[in-house]
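S.K.: Got a structure for you, run-v4.txt, holding compact mmCIF, C-alpha atoms.
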# COMPACT_ATOMS: atom_id res chain seq x y z
CA MET I 1 197.18 -9.33 246.58
CA ASN I 2 197.43 -6.76 243.83
CA TYR I 3 194.53 -4.40 244.46
CA THR I 4 195.10 -2.27 241.36
CA PRO I 5 192.61 -4.03 239.03
CA PHE I 6 189.99 -3.98 241.79
CA TYR I 7 190.40 -0.26 242.39
CA ASP I 8 190.45 0.49 238.66
CA LEU I 9 187.29 -1.50 238.04
CA ALA I 10 185.49 -0.05 241.05
CA LYS I 11 186.32 3.52 240.08
CA ASP I 12 185.04 3.16 236.52
CA ALA I 13 182.04 1.02 237.44
CA ILE I 14 180.75 3.51 239.99
CA ARG I 15 181.29 6.30 237.49
CA TYR I 16 179.77 4.71 234.40
CA MET I 17 177.50 1.82 235.39
CA ASN I 18 173.95 2.02 236.67
CA PRO I 19 173.67 1.02 240.35
CA GLU I 20 171.79 -2.24 240.75
CA ASN I 21 170.10 -4.22 243.50
CA ASP I 22 171.54 -7.38 244.95
CA TRP I 23 169.54 -9.39 247.49
CA ARG I 24 172.65 -9.98 249.57
CA PHE I 25 173.23 -6.29 250.19
CA ILE I 26 169.98 -4.53 251.03
CA HIS I 27 169.83 -0.78 250.37
CA ALA I 28 173.25 -0.70 248.75
CA ASP I 29 174.30 0.13 245.22
CA SER I 30 175.66 -3.02 243.68
CA TYR I 31 177.37 -3.70 240.38
CA SER I 32 177.21 -7.29 239.27
CA PHE I 33 180.00 -8.43 236.99
CA TYR I 34 179.77 -12.19 237.00
CA ASN I 35 177.30 -14.83 238.11
CA LEU I 36 177.67 -18.50 237.31
CA LEU I 37 174.65 -20.74 237.64
CA PRO I 38 174.25 -24.38 236.66
CA ASN I 39 172.43 -23.48 233.48
CA ALA I 40 173.62 -19.95 232.73
CA LYS I 41 176.54 -17.62 232.98
CA TYR I 42 176.14 -13.89 233.36
CA SER I 43 179.07 -11.70 232.49
CA SER I 44 178.69 -7.95 232.39
CA SER I 45 179.31 -6.19 229.09
CA PHE I 46 181.07 -3.35 230.90
CA PRO I 47 184.23 -2.90 228.82
CA LEU I 48 186.68 -2.59 231.72
CA TRP I 49 185.31 -5.76 233.27
CA GLU I 50 185.88 -7.59 230.00
CA GLU I 51 189.44 -6.26 230.03
CA LEU I 52 190.24 -7.02 233.67
CA HIS I 53 188.23 -10.10 234.56
CA SER I 54 191.06 -12.56 233.90
CA SER I 55 193.48 -10.72 236.12
CA ILE I 56 190.84 -10.32 238.83
CA PHE I 57 190.07 -14.04 238.76
CA ALA I 58 193.80 -14.79 238.91
CA GLU I 59 194.28 -12.50 241.91
CA ILE I 60 191.42 -14.10 243.82
CA ARG I 61 192.58 -17.63 243.09
CA GLN I 62 196.11 -16.78 244.16
CA ASN I 63 194.92 -15.07 247.33
CA ILE I 64 192.81 -18.00 248.49
CA ASN I 65 195.46 -20.44 247.31
CA ILE I 66 193.01 -22.51 245.28
CA PRO I 67 194.43 -22.35 241.74
CA ASN I 68 191.44 -24.09 240.18
CA ALA I 69 188.72 -22.38 242.20
CA VAL I 70 185.46 -22.00 240.31
CA ILE I 71 184.49 -18.40 240.95
CA ASN I 72 180.73 -18.10 240.67
CA ASN I 73 180.04 -14.49 241.59
CA ILE I 74 181.78 -11.15 241.65
CA THR I 75 179.86 -8.07 242.73
CA LEU I 76 180.98 -4.60 243.66
CA VAL I 77 179.05 -2.97 246.48
CA LYS I 78 178.84 0.64 247.58
CA ALA I 79 177.05 0.79 250.90
CA SER I 80 174.71 3.49 252.11
CA LYS I 81 173.89 4.38 255.69
CA HIS I 82 170.87 2.09 255.39
CA THR I 83 172.70 -0.96 254.06
CA ILE I 84 172.03 -4.31 255.70
CA CYS I 85 173.99 -7.34 254.54
CA HIS I 86 172.74 -10.88 254.54
CA PRO I 87 175.24 -13.18 256.22
CA ILE I 88 178.20 -13.88 253.96
CA ARG I 89 178.02 -17.58 253.24
CA PRO I 90 180.83 -20.13 253.32
CA HIS I 91 183.40 -19.94 250.52
CA CYS I 92 182.74 -16.26 249.91
CA GLY I 93 185.19 -13.42 250.21
CA ILE I 94 185.27 -9.69 250.82
CA ILE I 95 187.84 -7.33 249.34
CA GLY I 96 187.57 -3.97 251.09
CA LEU I 97 188.51 -0.93 249.06
CA GLU I 98 187.25 2.25 250.73
CA GLY I 99 185.45 3.47 253.82
CA GLU I 100 184.82 1.54 256.99
CA ALA I 101 183.31 -1.84 257.75
CA TYR I 102 183.24 -4.32 260.60
CA CYS I 103 183.29 -8.06 260.10
CA ALA I 104 182.47 -10.95 262.42
CA ILE I 105 183.53 -14.46 261.47
CA ARG I 106 181.56 -17.26 263.09
CA ASN I 107 183.49 -20.39 263.92
CA GLY I 108 181.80 -23.73 263.81
CA ASP I 109 179.57 -25.53 261.38
CA PRO I 110 177.73 -23.03 259.13
CA GLU I 111 174.52 -25.00 259.62
CA ASP I 112 174.73 -24.22 263.33
CA THR I 113 175.83 -20.59 263.05
CA LYS I 114 173.60 -19.36 260.26
CA LEU I 115 170.64 -18.60 262.51
CA LEU I 116 172.76 -16.47 264.79
CA ALA I 117 174.22 -14.75 261.77
CA HIS I 118 170.78 -13.96 260.42
CA ARG I 119 169.69 -12.57 263.76
CA ALA I 120 172.71 -10.29 263.77
CA MET I 121 172.32 -8.85 260.27
CA HIS I 122 171.76 -5.43 261.80
CA MET I 123 173.68 -4.23 264.79
CA HIS I 124 174.11 -0.68 266.04
CA SER I 125 177.68 -1.06 267.28
CA PRO I 126 179.21 -4.38 266.25
CA ASN I 127 182.55 -3.25 267.64
CA LEU I 128 181.04 -3.34 271.16
CA MET I 129 179.80 -6.90 270.81
CA ARG I 130 181.53 -9.63 272.85
CA TRP I 131 181.99 -11.87 269.83
CA GLY I 132 184.01 -14.42 271.79
CA ASP I 133 180.88 -15.33 273.77
CA TYR I 134 179.42 -16.56 270.48
CA ASN I 135 182.43 -18.55 269.32
CA SER I 136 183.12 -15.76 266.85
CA PHE I 137 185.63 -13.00 266.40
CA GLY I 138 185.08 -9.52 265.12
CA PHE I 139 187.44 -6.99 263.59
CA SER I 140 187.51 -3.81 261.55
CA VAL I 141 187.98 -4.57 257.87
CA ALA I 142 191.29 -3.36 256.52
CA MET I 143 190.77 -1.43 253.30
CA GLY I 144 193.21 -1.96 250.47
CA GLU I 145 194.86 -4.83 252.29
CA LYS I 146 194.07 -8.16 253.97
CA PRO I 147 191.19 -9.51 251.88
CA ILE I 148 188.78 -11.69 253.85
CA PHE I 149 188.09 -15.31 252.96
CA PRO I 150 186.81 -17.30 255.93
CA GLY I 151 186.59 -20.60 254.04
CA ASN I 152 183.82 -22.86 255.28
CA ARG I 153 182.50 -20.32 257.80
CA ILE I 154 179.77 -17.73 257.82
CA CYS I 155 180.47 -14.12 258.59
CA ASN I 156 178.51 -10.94 259.16
CA LEU I 157 179.56 -7.74 257.46
CA TYR I 158 178.60 -4.29 258.72
CA PRO I 159 179.64 -1.66 256.16
CA GLU I 160 179.39 2.03 256.98
CA ASP I 161 177.97 4.64 254.61
CA LYS I 162 180.03 4.90 251.37
CA CYS I 163 182.04 1.80 252.14
CA VAL I 164 183.14 0.15 248.87
CA PHE I 165 184.03 -3.52 248.64
CA PHE I 166 184.04 -6.46 246.29
CA TYR I 167 182.12 -9.60 247.20
CA TYR I 168 183.00 -12.86 245.53
CA SER I 169 181.95 -16.45 245.89
CA ILE I 170 183.54 -19.72 244.86
CA ASN I 171 182.16 -23.23 244.60
CA ASP I 172 182.91 -25.42 247.59
CA PRO I 173 186.28 -26.96 246.64
CA LYS I 174 185.12 -30.28 248.13
CA THR I 175 182.21 -30.47 245.72
CA LYS I 176 182.62 -33.06 243.00
CA LYS I 177 183.86 -31.68 239.73
CA GLY I 178 181.02 -30.55 237.52
CA ALA I 179 178.49 -30.22 240.33
CA ILE I 180 177.74 -26.60 241.07
CA PRO I 181 175.83 -26.12 244.31
CA ILE I 182 173.34 -23.29 244.39
CA GLU I 183 171.49 -21.85 247.31
CA PRO I 184 167.66 -21.87 247.22
CA ALA I 185 167.55 -18.10 247.08
CA GLN I 186 169.52 -18.11 243.86
CA ARG I 187 167.47 -20.75 242.16
CA GLY I 188 165.46 -19.43 239.27
CA THR I 189 166.81 -15.92 239.46
CA GLY I 190 168.64 -16.33 236.19
CA MET L 191 159.19 22.54 210.97
CA GLU L 192 156.80 21.26 213.58
CA THR L 193 158.22 20.57 217.03
CA ILE L 194 158.17 16.86 217.79
CA ARG L 195 156.41 15.95 221.00
CA ILE L 196 157.91 12.89 222.62
CA PHE L 197 156.63 11.25 225.80
CA VAL L 198 158.90 8.80 227.56
CA GLY L 199 157.46 6.34 230.06
CA THR L 200 159.94 5.89 232.86
CA SER L 201 160.53 5.33 236.55
CA GLU L 202 161.14 8.02 239.14
CA TYR L 203 164.92 7.71 239.16
CA GLU L 204 165.98 4.11 238.52
CA ASP L 205 166.27 4.51 234.75
CA LYS L 206 168.29 7.74 234.58
CA TRP L 207 171.18 5.84 233.03
CA ILE L 208 169.28 4.82 229.91
CA GLU L 209 167.13 7.99 229.84
CA ARG L 210 170.26 10.05 229.27
CA ILE L 211 171.41 7.75 226.49
CA LEU L 212 167.98 7.89 224.89
CA VAL L 213 167.79 11.68 224.96
CA TYR L 214 171.40 12.09 223.85
CA THR L 215 170.87 9.85 220.83
CA LEU L 216 167.50 11.39 219.93
CA LEU L 217 169.08 14.85 219.86
CA LYS L 218 172.21 13.67 218.10
CA ASN L 219 170.30 12.16 215.18
CA THR L 220 167.88 14.97 214.36
CA ASP L 221 167.89 18.66 213.52
CA ARG L 222 164.24 19.00 214.57
CA GLU L 223 163.06 20.65 217.78
CA LEU L 224 162.15 18.04 220.37
CA ASP L 225 159.71 18.58 223.21
CA ILE L 226 160.43 15.65 225.52
CA THR L 227 158.26 14.84 228.54
CA PHE L 228 159.26 12.14 230.97
CA MET L 229 156.19 10.38 232.32
CA ARG L 230 157.26 9.59 235.88
CA PRO L 231 155.18 8.10 238.70
CA SER L 232 155.31 11.41 240.61
CA MET L 233 153.35 13.02 237.76
CA PHE L 234 150.51 10.54 238.23
CA LYS L 235 150.32 10.19 241.99
CA ASP L 236 146.73 9.07 242.36
CA TRP L 237 146.86 6.35 239.69
CA ASN L 238 146.10 2.74 240.53
CA THR L 239 149.32 0.98 239.52
CA ASN L 240 148.42 -2.52 240.73
CA GLY L 241 149.36 -5.18 238.23
CA TRP L 242 151.68 -3.03 236.16
CA GLY L 243 154.83 -4.68 234.85
CA THR L 244 156.86 -1.49 235.16
CA PRO L 245 156.50 1.70 237.20
CA PHE L 246 155.10 3.46 234.12
CA THR L 247 153.05 0.87 232.21
CA CYS L 248 149.78 2.75 231.67
CA PHE L 249 150.87 6.38 231.66
CA ARG L 250 151.13 6.27 227.86
CA TYR L 251 147.37 6.19 227.49
CA ALA L 252 147.15 9.68 228.99
CA ILE L 253 149.05 11.24 226.10
CA PRO L 254 146.16 12.24 223.77
CA GLU L 255 144.37 14.02 226.60
CA MET L 256 147.61 15.63 227.80
CA CYS L 257 147.93 17.01 224.26
CA ASN L 258 144.32 18.26 224.34
CA PHE L 259 143.55 15.77 221.56
CA LYS L 260 145.48 17.87 219.07
CA GLY L 261 148.41 17.12 216.80
CA ARG L 262 150.79 14.23 216.88
CA ALA L 263 152.94 12.76 219.62
CA ILE L 264 155.36 9.90 219.93
CA TYR L 265 155.38 7.62 222.93
CA MET L 266 158.38 5.46 223.79
CA ASP L 267 159.48 3.42 226.79
CA CYS L 268 162.67 4.69 228.39
CA ASP L 269 164.62 1.50 227.68
CA GLN L 270 165.46 2.53 224.15
CA MET L 271 168.21 4.10 222.09
CA ASN L 272 167.87 6.04 218.87
CA PHE L 273 169.93 5.55 215.72
CA ARG L 274 167.97 7.54 213.10
CA ASP L 275 166.23 10.90 212.76
CA ILE L 276 163.09 10.57 214.86
CA GLY L 277 161.51 13.18 212.60
CA GLU L 278 161.13 10.49 209.96
CA LEU L 279 159.00 8.46 212.34
CA TYR L 280 157.01 11.53 213.33
CA ASP L 281 156.26 12.32 209.70
CA SER L 282 155.13 8.78 208.87
CA ASN L 283 151.92 8.48 206.91
CA LEU L 284 149.22 7.19 209.24
CA GLY L 285 146.46 7.32 206.65
CA ASP L 286 143.19 7.40 208.57
CA CYS L 287 144.65 5.51 211.51
CA ALA L 288 144.96 6.83 215.02
CA PHE L 289 148.17 5.00 215.86
CA GLY L 290 151.38 3.83 214.24
CA MET L 291 152.96 0.75 215.79
CA VAL L 292 155.30 -2.08 214.98
CA TRP L 293 153.99 -5.61 214.65
CA ASP L 294 155.54 -7.93 217.23
CA THR L 295 155.28 -11.47 215.95
CA LEU L 296 156.32 -13.20 219.16
CA ASN L 297 154.34 -11.31 221.76
CA LYS L 298 152.43 -13.81 223.86
CA ASN L 299 148.80 -12.77 224.06
CA PRO L 300 146.48 -13.32 227.05
CA ARG L 301 145.47 -16.82 228.10
CA GLU L 302 142.15 -16.65 226.24
CA PHE L 303 144.11 -16.87 222.96
CA GLU L 304 146.16 -19.92 223.91
CA GLU L 305 146.13 -22.65 221.29
CA THR L 306 144.43 -20.39 218.76
CA GLU L 307 145.97 -18.73 215.75
CA TYR L 308 146.12 -15.58 217.85
CA GLU L 309 148.30 -17.04 220.58
CA ARG L 310 151.19 -14.81 219.53
CA GLY L 311 151.52 -11.49 217.77
CA TRP L 312 150.20 -7.99 218.39
CA PHE L 313 150.95 -4.39 217.63
CA SER L 314 153.43 -3.30 220.26
CA ASP L 315 152.68 -0.08 222.10
CA SER L 316 156.23 0.45 223.35
CA VAL L 317 156.83 2.87 220.47
CA VAL L 318 153.67 4.58 219.29
CA LEU L 319 153.07 7.40 216.88
CA ILE L 320 149.78 8.93 217.98
CA ASP L 321 147.30 11.12 216.15
CA CYS L 322 145.89 12.61 219.32
CA GLU L 323 142.60 13.71 217.76
CA LYS L 324 141.82 10.33 216.24
CA ALA L 325 143.09 8.50 219.34
CA GLN L 326 140.34 10.08 221.45
CA LYS L 327 137.91 7.58 219.93
CA TYR L 328 139.87 4.62 221.32
CA ILE L 329 141.07 5.84 224.70
CA ASP L 330 139.00 6.64 227.78
CA PRO L 331 139.42 9.86 229.74
CA ILE L 332 142.31 9.95 232.20
CA ASP L 333 139.87 9.79 235.11
CA VAL L 334 138.82 6.34 233.91
CA ILE L 335 142.30 5.11 232.96
CA LYS L 336 143.86 6.01 236.31
CA ASP L 337 141.36 3.99 238.33
CA THR L 338 141.31 0.91 236.13
CA THR L 339 141.99 -2.19 238.19
CA TRP L 340 144.98 -4.23 237.00
CA GLY L 341 145.87 -1.70 234.37
CA TYR L 342 144.33 -0.13 231.32
CA LYS L 343 146.56 -2.05 228.91
CA ASN L 344 144.11 -4.90 228.47
CA VAL L 345 141.17 -2.51 228.06
CA PHE L 346 143.06 -0.62 225.35
CA SER L 347 144.09 -3.83 223.59
CA LYS L 348 140.49 -4.93 223.37
CA THR L 349 139.32 -1.53 222.17
CA ILE L 350 141.76 -1.55 219.27
CA ASN L 351 140.81 -5.16 218.41
CA SER L 352 144.18 -6.60 219.35
CA PRO L 353 145.35 -9.19 218.50
CA TYR L 354 142.94 -9.50 215.54
CA ARG L 355 145.20 -7.97 212.98
CA ASP L 356 142.62 -7.93 210.21
CA LYS L 357 140.33 -5.87 212.43
CA CYS L 358 142.85 -3.21 213.35
CA GLU L 359 145.61 -2.92 210.73
CA ASP L 360 145.03 0.04 208.39
CA ILE L 361 141.78 0.74 210.26
CA ILE L 362 142.98 1.82 213.67
CA ILE L 363 146.70 1.07 213.51
CA LYS L 364 149.18 1.73 210.74
CA ARG L 365 151.98 -0.76 210.73
CA LEU L 366 155.36 0.94 211.17
CA ASP L 367 158.65 -0.31 209.80
CA ALA L 368 159.92 -2.68 212.50
CA ARG L 369 163.27 -0.94 212.52
CA TRP L 370 161.55 1.79 214.57
CA ASN L 371 161.16 -0.65 217.43
CA SER L 372 163.77 -3.32 217.07
CA PHE L 373 163.70 -5.61 220.09
CA ASP L 374 167.33 -6.05 221.10
CA GLY L 375 168.36 -6.03 217.45
CA TYR L 376 165.82 -8.64 216.33
CA VAL L 377 163.54 -8.20 213.35
CA THR L 378 160.52 -7.64 215.58
CA ASP L 379 157.97 -8.50 212.91
CA GLY L 380 159.94 -11.39 211.44
CA GLU L 381 158.17 -14.65 210.72
CA SER L 382 159.92 -16.75 213.36
CA PRO L 383 158.53 -19.30 215.78
CA ASP L 384 160.83 -18.25 218.64
CA ARG L 385 163.54 -15.78 219.64
CA GLN L 386 166.32 -18.29 219.03
CA ASN L 387 165.54 -18.38 215.34
CA GLN L 388 164.42 -14.82 214.86
CA GLU L 389 166.37 -12.81 212.33
CA MET L 390 168.55 -9.94 213.45
CA TYR L 391 169.22 -6.56 211.93
CA ALA L 392 172.77 -5.50 211.23
CA LEU L 393 173.74 -2.68 213.55
CA ASP L 394 173.56 -0.04 210.83
CA ASP L 395 170.06 -1.19 209.90
CA ILE L 396 168.56 -0.53 213.34
CA TRP L 397 166.69 2.77 213.49
CA HIS L 398 165.48 2.69 217.06
CA LEU L 399 166.48 0.00 219.51
CA HIS L 400 164.35 -1.29 222.36
CA PHE L 401 166.05 -3.25 225.13
CA THR L 402 163.02 -5.43 225.70
CA SER L 403 164.54 -8.33 227.57
CA LEU L 404 164.59 -7.16 231.19
CA SER L 405 167.11 -9.80 232.25
CA SER L 406 169.68 -8.73 229.74
CA GLN L 407 169.24 -4.96 229.95
CA ILE L 408 172.70 -3.52 230.20
CA TRP L 409 171.86 -1.21 233.11
CA HIS L 410 169.63 -3.47 235.32
CA PRO L 411 167.25 -0.97 236.97
CA LYS L 412 166.78 -1.40 240.70
CA TYR L 413 163.08 -2.17 240.47
CA SER L 414 163.64 -5.17 238.24
CA PRO L 415 163.32 -8.47 240.12
CA HIS L 416 164.72 -10.42 237.20
CA GLY L 417 168.00 -12.28 237.25
CA LYS L 418 170.74 -11.01 235.01
CA SER L 419 171.73 -12.54 231.72
CA SER L 420 174.49 -11.46 229.40
CA TYR L 421 173.66 -9.18 226.49
CA LYS L 422 173.89 -11.21 223.31
CA ARG L 423 174.70 -8.50 220.77
CA LYS L 424 178.28 -7.47 221.52
CA ASP L 425 178.19 -4.86 218.76
CA ILE L 426 175.17 -3.16 220.32
CA ALA L 427 176.66 -3.34 223.83
CA LYS L 428 179.82 -1.70 222.52
CA VAL L 429 177.87 1.21 221.06
CA VAL L 430 175.84 1.61 224.24
CA TRP L 431 178.94 1.80 226.41
CA GLU L 432 180.71 4.18 224.04
CA THR L 433 177.65 6.41 224.18
CA GLN L 434 177.46 6.15 227.95
CA TYR L 435 181.10 7.26 228.31
CA LYS L 436 180.27 10.40 226.32
CA VAL L 437 177.01 11.03 228.16
CA GLN L 438 178.57 10.65 231.61
CA LYS L 439 181.39 13.04 230.73
CA LEU L 440 178.81 15.51 229.47
CA VAL L 441 176.82 15.17 232.71
CA GLU L 442 179.95 15.80 234.76
CA LEU L 443 180.90 18.82 232.67
CA LEU L 444 177.53 20.51 232.96
Now that the file is in, can you turn its structure into structure tokens?
M.R.:
Amino acid sequence: MNYTPFYDLAKDAIRYMNPENDWRFIHADSYSFYNLLPNAKYSSSFPLWEELHSSIFAEIRQNINIPNAVINNITLVKASKHTICHPIRPHCGIIGLEGEAYCAIRNGDPEDTKLLAHRAMHMHSPNLMRWGDYNSFGFSVAMGEKPIFPGNRICNLYPEDKCVFFYYSINDPKTKKGAIPIEPAQRGTG
Amino acid sequence: METIRIFVGTSEYEDKWIERILVYTLLKNTDRELDITFMRPSMFKDWNTNGWGTPFTCFRYAIPEMCNFKGRAIYMDCDQMNFRDIGELYDSNLGDCAFGMVWDTLNKNPREFEETEYERGWFSDSVVLIDCEKAQKYIDPIDVIKDTTWGYKNVFSKTINSPYRDKCEDIIIKRLDARWNSFDGYVTDGESPDRQNQEMYALDDIWHLHFTSLSSQIWHPKYSPHGKSSYKRKDIAKVVWETQYKVQKLVELL
């Protein structure tokens, strides 16, 4: 994956944009660039996003090897020492840029693993957890390489203070064309 | 020339981004001396803020008393950007009125006015030119305002006879040119049934812009629970970002 457009966008966004809230990443600065809902599309007016969004979409699609993937969200996140992440849902990806983060991917049906993932949103030392006992595996996120896309699995992300990463989400490729699934928490939030 | 007193209603820190743009553009477009006060929650610690739509909704009503009921002052929300000498607004003829405001045709009034001819339309107090002496007659003391349950906004609206235009225009409120409070580029006082059909000003005809739609505000403050929608006016967004690039570089230099 070519990380250059991601680094360029992150650098300028953190410098020039106003930090925002995103429900997925509690107590973090987030910068929302794109959000596709059934009845509305949000695209940031930030000039560099307008310039780079095509190449960023292309990089993501190439990386996950789904050329026609419908990307429905791209958000940049800068974590603080207080950041807590909601579980990263199926068909979502993480592109680590700076700092340190730990990730735990939960094998099995997301319907079965989501409760465990919610319980484990905060953990003091995720690197000490015996993830294998929970049919999961944990690892330190590589920054600037090895983007994470666990497909139809849930994962927990534990970013350290000042960790910078992109979050993105695609529609379930198995969903019928034209049907865009949305989670209840997104419904009505525009 | 008289120094222009400007009070800006704002949050503690979540609106810094637009505050800087507002101040930068106010200073850029005038040669007058500006005395700008940011009305932040920390200035009004013991106020009852239940029911306020923003962190600063009712601070504006403290202005006449803060000015000892003397002279003029301008109030503006922080989510604004200036394009024209604010001195021209300050010098506007108020006649015998206490306030200068823009008429907002589409404002939805309280439920009691539903299905009446007063369902929509009021004088918007998001940009207000205030004659502090005359305003004393229509605004309670701060000690009353700060303890008002669910906000003083409704009390004030009733006192100035809003939304009964015939009972307030040219009596209590002087109608300002709507270009002094253009809602996202729209002709705020245009005769339109809805936003979709409301007329828009050309960019060079906007004097003072108000980013009223919280969902589409370009900077999305952290306290806003609203979902994000794209900003419709690309020409305005372009100017905002160009200004922000300058402002940020200035901040980093200083």
S.K.: Can you check which parts of chain L lie within 12 Å of chain I? Per residue, the shortest pair of atoms and distance in Å to one decimal, counting all atoms listed in the file, sorted by chain and number, as a Markdown table.
M.R.:
| residue | atom | partner | partner_atom | distance |
| --- | --- | --- | --- | --- |
| L:Tyr203 | CA | I:Asn18 | CA | 11.0 |
| L:Glu204 | CA | I:Asn18 | CA | 8.4 |
| L:Asp205 | CA | I:Asn18 | CA | 8.3 |
| L:Lys206 | CA | I:Asn18 | CA | 8.3 |
| L:Trp207 | CA | I:Asn18 | CA | 6.0 |
| L:Ile208 | CA | I:Asn18 | CA | 8.7 |
| L:Glu209 | CA | I:Asn18 | CA | 11.3 |
| L:Arg210 | CA | I:Asn18 | CA | 11.5 |
| L:Ile211 | CA | I:Tyr16 | CA | 11.9 |
| L:Leu404 | CA | I:Gly190 | CA | 11.2 |
| L:Ser405 | CA | I:Gly190 | CA | 7.8 |
| L:Ser406 | CA | I:Tyr42 | CA | 9.0 |
| L:Gln407 | CA | I:Ser45 | CA | 10.2 |
| L:Ile408 | CA | I:Ser45 | CA | 7.2 |
| L:Trp409 | CA | I:Asn18 | CA | 5.2 |
| L:His410 | CA | I:Glu20 | CA | 6.0 |
| L:Pro411 | CA | I:Glu20 | CA | 6.0 |
| L:Lys412 | CA | I:Glu20 | CA | 5.1 |
| L:Tyr413 | CA | I:Asn21 | CA | 7.9 |
| L:Ser414 | CA | I:Asn21 | CA | 8.4 |
| L:Pro415 | CA | I:Thr189 | CA | 8.3 |
| L:His416 | CA | I:Thr189 | CA | 6.3 |
| L:Gly417 | CA | I:Gly190 | CA | 4.2 |
| L:Lys418 | CA | I:Gly190 | CA | 5.8 |
| L:Ser419 | CA | I:Tyr42 | CA | 4.9 |
| L:Ser420 | CA | I:Tyr42 | CA | 4.9 |
| L:Tyr421 | CA | I:Ser45 | CA | 6.9 |
| L:Lys422 | CA | I:Ser45 | CA | 9.4 |
| L:Arg423 | CA | I:Ser45 | CA | 9.8 |
| L:Lys424 | CA | I:Ser45 | CA | 7.7 |
| L:Asp425 | CA | I:Ser45 | CA | 10.5 |
| L:Ile426 | CA | I:Ser45 | CA | 10.2 |
| L:Ala427 | CA | I:Ser45 | CA | 6.5 |
| L:Lys428 | CA | I:Pro47 | CA | 7.8 |
| L:Val429 | CA | I:Pro47 | CA | 10.8 |
| L:Val430 | CA | I:Phe46 | CA | 9.8 |
| L:Trp431 | CA | I:Phe46 | CA | 7.2 |
| L:Glu432 | CA | I:Pro47 | CA | 9.2 |
| L:Thr433 | CA | I:Tyr16 | CA | 10.6 |
| L:Gln434 | CA | I:Tyr16 | CA | 7.0 |
| L:Tyr435 | CA | I:Tyr16 | CA | 6.7 |
| L:Lys436 | CA | I:Tyr16 | CA | 9.9 |
| L:Val437 | CA | I:Tyr16 | CA | 9.3 |
| L:Gln438 | CA | I:Tyr16 | CA | 6.7 |
| L:Lys439 | CA | I:Tyr16 | CA | 9.2 |
| L:Leu440 | CA | I:Tyr16 | CA | 11.9 |
| L:Val441 | CA | I:Tyr16 | CA | 11.0 |
| L:Glu442 | CA | I:Arg15 | CA | 10.0 |
S.K.: Record the distance separating CA of Glu59 in chain I and CA of Thr83 in chain I, expressed in Å with one decimal.
M.R.: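 A separation of 27.3 Å between them.
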S.K.: Just the residues within 10 Å of Leu9 in chain I, please, counting all atoms listed in the file, with nothing from its chain fewer than 6 positions along; format it as a list of chain:residue names.
M.R.: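 Result of the neighbour search: I:Arg15, I:Phe46, I:Pro47, I:Leu48, I:Trp49, I:Glu51, I:Leu52, I:His53, I:Ile56, I:Leu76.
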S.K.: Could you check the closest approach to Pro254 in chain L for each of L:Asp337, L:Asp221, L:Asp275, L:Asp321 and tell me which residue wins, using only C-alpha atoms?
M.R.: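 Checking each candidate against Pro254 in chain L, we get L:Asp321 as the closest.
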S.K.: Using all atoms of range 42-56 of chain I listed in the file and a margin of 6 Å per side, can you give the axis-aligned box centre and edge lengths in Å to one decimal, as AutoDock Vina command-line options?
M.R.:
--center_x 184.8 --center_y -8.2 --center_z 233.8 --size_x 29.3 --size_y 23.3 --size_z 22.0
S.K.: With all atoms listed in the file as the counted atoms, please give the residues lying no more than 9 Å from Asn127 in chain I, apart from itself and same-chain residues fewer than 3 positions off, as an mmCIF file with C-alpha atoms, keeping the file's coordinate frame.
M.R.:
data_model
loop_
_atom_site.group_PDB
_atom_site.id
_atom_site.type_symbol
_atom_site.label_atom_id
_atom_site.label_comp_id
_atom_site.auth_asym_id
_atom_site.auth_seq_id
_atom_site.Cartn_x
_atom_site.Cartn_y
_atom_site.Cartn_z
ATOM 1 C CA TYR I 102 183.240 -4.320 260.600
ATOM 2 C CA CYS I 103 183.290 -8.060 260.100
ATOM 3 C CA HIS I 124 174.110 -0.680 266.040
ATOM 4 C CA ARG I 130 181.530 -9.630 272.850
ATOM 5 C CA TRP I 131 181.990 -11.870 269.830
ATOM 6 C CA GLY I 138 185.080 -9.520 265.120
ATOM 7 C CA PHE I 139 187.440 -6.990 263.590
ATOM 8 C CA SER I 140 187.510 -3.810 261.550
#
S.K.: Contacts of Tyr280 in chain L at 12 Å or less, counting all atoms listed in the file, minus same-chain residues fewer than 4 places along, as a list in words?
M.R.: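 Using all atoms listed in the file, the neighbours found are Met191, Glu192, Thr193, Ile194, Arg195, Ile196, Thr220, Arg222, Glu223, Leu224, Gly261, Arg262, Ala263, Ile264, Tyr265, Arg274, Asp275, Ile276, Leu284, Phe289, Gly290, Met291, Val317, Val318, Leu319, Ile320, Asp321, Leu366 and Trp370 of chain L.
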S.K.: Report, in Å with one decimal, the straight-line distance from CA of Gln326 in chain L to CA of Ala288 in chain L.
M.R.: 8.6 Å
